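**Student:** What follows is structure-v7.cif; its format and atoms are mmCIF, C-alpha atoms; chains and numbers go by the auth columns.
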```
data_work
#
loop_
_atom_site.group_PDB
_atom_site.id
_atom_site.type_symbol
_atom_site.label_atom_id
_atom_site.label_comp_id
_atom_site.label_asym_id
_atom_site.label_seq_id
_atom_site.Cartn_x
_atom_site.Cartn_y
_atom_site.Cartn_z
_atom_site.B_iso_or_equiv
_atom_site.auth_seq_id
_atom_site.auth_asym_id
ATOM 1 C CA MET A 1 -22.579 21.772 -1.263 0.00 1 A
ATOM 2 C CA SER A 2 -22.495 25.383 -0.155 0.00 2 A
ATOM 3 C CA ASP A 3 -20.470 28.063 -1.920 0.00 3 A
ATOM 4 C CA GLN A 4 -18.067 28.100 1.024 0.00 4 A
ATOM 5 C CA GLU A 5 -17.239 24.384 0.884 0.00 5 A
ATOM 6 C CA ALA A 6 -14.070 23.543 -0.968 0.00 6 A
ATOM 7 C CA THR A 7 -14.135 21.313 -4.009 0.00 7 A
ATOM 8 C CA PRO A 8 -12.444 17.997 -3.187 0.00 8 A
ATOM 9 C CA THR A 9 -8.898 17.674 -4.440 0.00 9 A
ATOM 10 C CA PRO A 10 -8.639 14.969 -7.109 0.00 10 A
ATOM 11 C CA LEU A 11 -6.691 11.871 -6.148 0.00 11 A
ATOM 12 C CA ARG A 12 -3.136 11.745 -7.530 0.00 12 A
ATOM 13 C CA VAL A 13 -2.434 8.380 -9.153 0.00 13 A
ATOM 14 C CA LEU A 14 0.912 7.144 -10.453 0.00 14 A
ATOM 15 C CA VAL A 15 0.836 4.210 -12.876 0.00 15 A
ATOM 16 C CA VAL A 16 4.021 2.102 -12.806 0.00 16 A
ATOM 17 C CA ASP A 17 4.216 -0.312 -15.729 0.00 17 A
ATOM 18 C CA ASP A 18 6.934 -1.157 -18.247 0.00 18 A
ATOM 19 C CA GLU A 19 4.262 -1.605 -20.936 0.00 19 A
ATOM 20 C CA VAL A 20 4.307 1.986 -22.197 0.00 20 A
ATOM 21 C CA ASP A 21 1.172 1.735 -24.365 0.00 21 A
ATOM 22 C CA TYR A 22 -0.850 0.178 -21.551 0.00 22 A
ATOM 23 C CA ALA A 23 0.327 2.709 -18.957 0.00 23 A
ATOM 24 C CA THR A 24 -0.314 5.655 -21.277 0.00 24 A
ATOM 25 C CA ALA A 25 -3.821 4.460 -22.134 0.00 25 A
ATOM 26 C CA LEU A 26 -4.619 3.857 -18.469 0.00 26 A
ATOM 27 C CA VAL A 27 -3.441 7.355 -17.523 0.00 27 A
ATOM 28 C CA ALA A 28 -5.709 8.865 -20.199 0.00 28 A
ATOM 29 C CA ARG A 29 -8.711 6.903 -18.946 0.00 29 A
ATOM 30 C CA LEU A 30 -8.043 7.841 -15.320 0.00 30 A
ATOM 31 C CA ARG A 31 -7.750 11.520 -16.253 0.00 31 A
ATOM 32 C CA ARG A 32 -11.121 11.367 -18.042 0.00 32 A
ATOM 33 C CA ARG A 33 -12.573 10.123 -14.755 0.00 33 A
ATOM 34 C CA GLY A 34 -11.221 13.045 -12.773 0.00 34 A
ATOM 35 C CA PHE A 35 -8.002 11.646 -11.350 0.00 35 A
ATOM 36 C CA VAL A 36 -4.687 13.462 -11.607 0.00 36 A
ATOM 37 C CA ALA A 37 -2.723 10.662 -13.246 0.00 37 A
ATOM 38 C CA ASP A 38 0.775 10.171 -14.587 0.00 38 A
ATOM 39 C CA ALA A 39 2.976 7.210 -15.511 0.00 39 A
ATOM 40 C CA VAL A 40 6.520 6.009 -15.092 0.00 40 A
ATOM 41 C CA PHE A 41 7.878 2.929 -16.805 0.00 41 A
ATOM 42 C CA SER A 42 10.252 1.419 -14.250 0.00 42 A
ATOM 43 C CA GLY A 43 10.394 0.634 -10.563 0.00 43 A
ATOM 44 C CA ALA A 44 13.393 2.895 -10.051 0.00 44 A
ATOM 45 C CA ASP A 45 11.538 5.841 -11.596 0.00 45 A
ATOM 46 C CA ALA A 46 8.549 5.109 -9.350 0.00 46 A
ATOM 47 C CA VAL A 47 10.678 5.240 -6.205 0.00 47 A
ATOM 48 C CA THR A 48 12.217 8.527 -7.318 0.00 48 A
ATOM 49 C CA ARG A 49 8.814 10.031 -8.214 0.00 49 A
ATOM 50 C CA VAL A 50 7.000 9.132 -4.992 0.00 50 A
ATOM 51 C CA GLY A 51 9.936 10.438 -2.996 0.00 51 A
ATOM 52 C CA ALA A 52 9.789 13.780 -4.803 0.00 52 A
ATOM 53 C CA ALA A 53 6.115 14.398 -5.630 0.00 53 A
ATOM 54 C CA ALA A 54 2.846 13.919 -3.792 0.00 54 A
ATOM 55 C CA THR A 55 1.127 10.684 -4.785 0.00 55 A
ATOM 56 C CA ASP A 56 -2.031 9.265 -3.235 0.00 56 A
ATOM 57 C CA VAL A 57 -2.224 5.897 -4.985 0.00 57 A
ATOM 58 C CA LEU A 58 0.372 3.896 -6.880 0.00 58 A
ATOM 59 C CA LEU A 59 -0.839 1.363 -9.477 0.00 59 A
ATOM 60 C CA LEU A 60 2.073 -1.037 -9.603 0.00 60 A
ATOM 61 C CA ASP A 61 2.783 -3.799 -12.112 0.00 61 A
ATOM 62 C CA LEU A 62 4.595 -6.835 -10.666 0.00 62 A
ATOM 63 C CA LYS A 63 6.567 -8.072 -13.661 0.00 63 A
ATOM 64 C CA MET A 64 9.025 -5.426 -14.813 0.00 64 A
ATOM 65 C CA PRO A 65 12.662 -5.613 -15.846 0.00 65 A
ATOM 66 C CA GLY A 66 15.177 -4.290 -13.346 0.00 66 A
ATOM 67 C CA LEU A 67 13.437 -3.435 -10.102 0.00 67 A
ATOM 68 C CA ASP A 68 10.365 -5.685 -10.174 0.00 68 A
ATOM 69 C CA GLY A 69 7.045 -4.803 -8.551 0.00 69 A
ATOM 70 C CA LEU A 70 7.719 -6.397 -5.168 0.00 70 A
ATOM 71 C CA ALA A 71 11.162 -4.776 -4.885 0.00 71 A
ATOM 72 C CA THR A 72 9.610 -1.468 -5.943 0.00 72 A
ATOM 73 C CA LEU A 73 6.931 -1.857 -3.289 0.00 73 A
ATOM 74 C CA ARG A 74 9.562 -2.431 -0.607 0.00 74 A
ATOM 75 C CA ALA A 75 11.501 0.662 -1.723 0.00 75 A
ATOM 76 C CA VAL A 76 8.367 2.823 -1.924 0.00 76 A
ATOM 77 C CA ARG A 77 7.455 1.847 1.630 0.00 77 A
ATOM 78 C CA GLN A 78 10.861 3.202 2.719 0.00 78 A
ATOM 79 C CA VAL A 79 10.600 6.599 1.002 0.00 79 A
ATOM 80 C CA ALA A 80 6.821 7.197 1.097 0.00 80 A
ATOM 81 C CA PRO A 81 5.151 4.933 3.661 0.00 81 A
ATOM 82 C CA ARG A 82 1.771 6.676 3.392 0.00 82 A
ATOM 83 C CA VAL A 83 1.329 6.133 -0.345 0.00 83 A
ATOM 84 C CA ARG A 84 -1.433 3.610 -0.977 0.00 84 A
ATOM 85 C CA VAL A 85 -0.465 0.826 -3.406 0.00 85 A
ATOM 86 C CA ILE A 86 -2.585 -1.336 -5.660 0.00 86 A
ATOM 87 C CA VAL A 87 -0.688 -4.167 -7.328 0.00 87 A
ATOM 88 C CA LEU A 88 -2.059 -4.479 -10.843 0.00 88 A
ATOM 89 C CA THR A 89 -0.650 -7.265 -12.984 0.00 89 A
ATOM 90 C CA GLY A 90 -1.410 -9.647 -15.790 0.00 90 A
ATOM 91 C CA HIS A 91 1.148 -12.081 -14.449 0.00 91 A
ATOM 92 C CA GLY A 92 -0.136 -12.390 -10.908 0.00 92 A
ATOM 93 C CA THR A 93 -0.519 -15.447 -8.839 0.00 93 A
ATOM 94 C CA VAL A 94 -2.203 -15.863 -5.507 0.00 94 A
ATOM 95 C CA ALA A 95 1.238 -16.267 -3.921 0.00 95 A
ATOM 96 C CA SER A 96 2.587 -13.011 -5.371 0.00 96 A
ATOM 97 C CA GLY A 97 -0.603 -11.224 -4.344 0.00 97 A
ATOM 98 C CA ILE A 98 -0.246 -12.491 -0.788 0.00 98 A
ATOM 99 C CA GLU A 99 3.423 -11.508 -0.723 0.00 99 A
ATOM 100 C CA GLY A 100 2.555 -8.036 -2.007 0.00 100 A
ATOM 101 C CA MET A 101 -0.087 -7.625 0.686 0.00 101 A
ATOM 102 C CA GLN A 102 2.405 -8.757 3.351 0.00 102 A
ATOM 103 C CA ILE A 103 4.947 -6.188 2.143 0.00 103 A
ATOM 104 C CA GLY A 104 2.350 -3.445 2.292 0.00 104 A
ATOM 105 C CA ALA A 105 0.180 -3.401 -0.825 0.00 105 A
ATOM 106 C CA ASP A 106 -3.357 -2.267 -0.100 0.00 106 A
ATOM 107 C CA ASP A 107 -5.040 -4.214 -2.893 0.00 107 A
ATOM 108 C CA PHE A 108 -4.251 -6.672 -5.676 0.00 108 A
ATOM 109 C CA LEU A 109 -6.058 -6.718 -9.030 0.00 109 A
ATOM 110 C CA LEU A 110 -5.459 -8.765 -12.177 0.00 110 A
ATOM 111 C CA LYS A 111 -5.222 -7.249 -15.682 0.00 111 A
ATOM 112 C CA PRO A 112 -7.298 -6.776 -17.602 0.00 112 A
ATOM 113 C CA VAL A 113 -9.355 -4.985 -14.980 0.00 113 A
ATOM 114 C CA ASP A 114 -12.669 -3.275 -15.564 0.00 114 A
ATOM 115 C CA ILE A 115 -12.066 0.492 -15.412 0.00 115 A
ATOM 116 C CA ASP A 116 -15.068 0.928 -13.096 0.00 116 A
ATOM 117 C CA VAL A 117 -13.671 -1.650 -10.687 0.00 117 A
ATOM 118 C CA LEU A 118 -10.271 0.029 -10.815 0.00 118 A
ATOM 119 C CA CYS A 119 -11.676 3.507 -10.144 0.00 119 A
ATOM 120 C CA ILE A 120 -13.667 2.230 -7.199 0.00 120 A
ATOM 121 C CA ALA A 121 -10.601 0.392 -5.864 0.00 121 A
ATOM 122 C CA ILE A 122 -8.499 3.557 -6.165 0.00 122 A
ATOM 123 C CA ALA A 123 -11.059 5.637 -4.273 0.00 123 A
ATOM 124 C CA ALA A 124 -11.538 2.941 -1.630 0.00 124 A
ATOM 125 C CA THR A 125 -7.818 2.344 -1.194 0.00 125 A
ATOM 126 C CA ALA A 126 -7.212 6.052 -0.747 0.00 126 A
ATOM 127 C CA GLY A 127 -9.994 6.145 1.825 0.00 127 A
ATOM 128 C CA ASP A 128 -11.542 8.859 -0.282 0.00 128 A
ATOM 129 C CA THR A 129 -15.029 9.184 1.124 0.00 129 A
ATOM 130 C CA ARG A 130 -15.503 12.448 -0.786 0.00 130 A
ATOM 131 C CA ARG A 131 -16.012 10.666 -4.079 0.00 131 A
ATOM 132 C CA ASP A 132 -19.374 9.330 -5.024 0.00 132 A
ATOM 133 C CA VAL A 133 -18.800 5.803 -6.316 0.00 133 A
ATOM 134 C CA ASP A 134 -21.251 6.497 -9.116 0.00 134 A
ATOM 135 C CA ALA A 135 -18.971 9.275 -10.376 0.00 135 A
ATOM 136 C CA ALA A 136 -16.299 6.646 -11.008 0.00 136 A
ATOM 137 C CA ARG A 137 -18.712 4.579 -13.067 0.00 137 A
ATOM 138 C CA GLN A 138 -18.382 5.850 -16.647 0.00 138 A
ATOM 139 C CA GLY A 139 -17.811 3.171 -19.156 0.00 139 A
ATOM 140 C CA GLY A 140 -17.438 -0.379 -17.998 0.00 140 A
ATOM 141 C CA THR A 141 -14.591 -1.572 -20.156 0.00 141 A
ATOM 142 C CA GLU A 142 -11.431 -3.416 -19.274 0.00 142 A
ATOM 143 C CA VAL A 143 -7.978 -1.861 -19.214 0.00 143 A
#
```
Give the structure from the file, written as structure tokens.
**Tutor:**
Amino acid sequence: MSDQEATPTPLRVLVVDDEVDYATALVARLRRRGFVADAVFSGADAVTRVGAAATDVLLLDLKMPGLDGLATLRAVRQVAPRVRVIVLTGHGTVASGIEGMQIGADDFLLKPVDIDVLCIAIAATAGDTRRDVDAARQGGTEV
């Protein structure tokens, strides 16, 4: 890379999960891998956040009280249609994964997910060809 080439902007990831400890730990791990990551703990907060702040990829849990993951996905598509969405759930079924993809999710992963797999999925979902996949590989543990 020459001195005149700009450093790639890190991907902005929003974790949406009502399990506060899980979401907080995931944000910390994503930050260590170079992502700009933050968390919200409800679907309604996710819709508000993506409507107000730039987000590249949303990691969205399906099973949440109030606005569940599928309803959140529908609402996000209305306010921020370009945000990429990965449904990430421990309660997933093939049917809910298919429904999420039909509504507009870009990928569907089951918890616990290997952090390397998740980082690669985030980069791929965002279409981020600037990232070297090997840079996302730092650990190999599930989250």
**Student:** Report the residues retrieved by the PyMOL selection byres ((chain A and resi 50) around 10) from the displayed file, expressed as a ChimeraX atom specification.
**Tutor:** /A:14,45-49,51-58,76-77,79-81,83
**Student:** Which residue gives the smallest distance to A:Ile122 among A:Ala23, A:Ile98, A:Val36, A:Leu73, with all atoms listed in the file counted?
**Tutor:**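 Selected residue with least distance to A:Ile122: A:Val36.
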**Student:** One decimal, Å: what's the distance from atom CA of A:Arg29 over to atom CA of A:Gln78, could you say?
**Tutor:** 29.4 Å
**Student:** Could you state the separation of atom CA of A:Val113 and atom CA of A:Thr72 in Å, given to one decimal place?
**Tutor:**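 Atom CA of A:Thr72 lies 21.3 Å from atom CA of A:Val113.
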**Student:** Between atom CA of A:Leu67 and atom CA of A:Arg31, measure the distance and give it in Å to one decimal.
**Tutor:**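 Separation of atom CA of A:Leu67 and atom CA of A:Arg31: 26.7 Å.
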**Student:** Looking at A:Leu60, A:Ala44, A:Leu11, A:Leu26, which one is nearest to A:Gly100, with distances taken over only C-alpha atoms?
**Tutor:**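 Closest to A:Gly100 of all the choices is A:Leu60.
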**Student:** Identify which of the residues A:Ala95, A:Ala28, A:Val87, A:Ile103 lies closest to A:Ala121, counting all atoms listed in the file when measuring atom-to-atom distances.
**Tutor:**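 Among the listed residues, A:Val87 lies closest to A:Ala121.
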**Student:** Please write as a list in words the full residue list that the PyMOL selection byres ((chain A and resi 25) around 12) yields on this file.
**Tutor:**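 Taken on the displayed file, the PyMOL selection byres ((chain A and resi 25) around 12) yields the residues Val15, Asp17, Glu19, Val20, Asp21, Tyr22, Ala23, Thr24, Leu26, Val27, Ala28, Arg29, Leu30, Arg31, Arg32, Ala37, Asp38, Ala39, Ile115, Glu142 and Val143 of chain A.
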**Student:** Could you list as a VMD selection string every residue that has an atom within 10 Å of (-8.5, -6.7, -17.0), using the file's coordinates and counting all atoms listed in the file?
**Tutor:** chain A and resid 88 to 90 109 to 115 117 to 118 141 to 143
**Student:** Would you mind exporting the chosen residues as a compact mmCIF listing (two decimals), keeping the file's coordinate frame, restricted to C-alpha atoms?
**Tutor:**
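Ended up saving to selection_22.txt:
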```
# COMPACT_ATOMS: atom_id res chain seq x y z
CA LEU A 88 -2.06 -4.48 -10.84
CA THR A 89 -0.65 -7.26 -12.98
CA GLY A 90 -1.41 -9.65 -15.79
CA LEU A 109 -6.06 -6.72 -9.03
CA LEU A 110 -5.46 -8.76 -12.18
CA LYS A 111 -5.22 -7.25 -15.68
CA PRO A 112 -7.30 -6.78 -17.60
CA VAL A 113 -9.36 -4.99 -14.98
CA ASP A 114 -12.67 -3.28 -15.56
CA ILE A 115 -12.07 0.49 -15.41
CA VAL A 117 -13.67 -1.65 -10.69
CA LEU A 118 -10.27 0.03 -10.82
CA THR A 141 -14.59 -1.57 -20.16
CA GLU A 142 -11.43 -3.42 -19.27
CA VAL A 143 -7.98 -1.86 -19.21
```
**Student:** Please determine, counting all atoms listed in the file, which residue among A:Arg84, A:Asp106, A:Arg74, A:Cys119 has the shortest atom-to-atom distance to A:Phe35.
**Tutor:** A:Cys119
**Student:** Which residues come within 7 Å of stretch 63-66 of chain A, counting only C-alpha atoms, excluding same-chain residues fewer than 3 positions away, as an NGL selection string?
**Tutor:** :A and (18 or 42 or 69 or 91)
**Student:** Rank A:Ala105, A:Ala123, A:Arg12, A:Asp116 by their smallest atom-to-atom distance to A:Ala71, using all atoms listed in the file, and report the top residue only.
**Tutor:**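 Looking at the shortest contact to A:Ala71, the residue is A:Ala105.
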**Student:** Give the answer as one residue: which of A:Arg33, A:Gln102, A:Leu59, A:Ile120 has the shortest atom-to-atom distance to A:Val16, using all atoms listed in the file?
**Tutor:**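 Under the stated criterion, the closest residue is A:Leu59.
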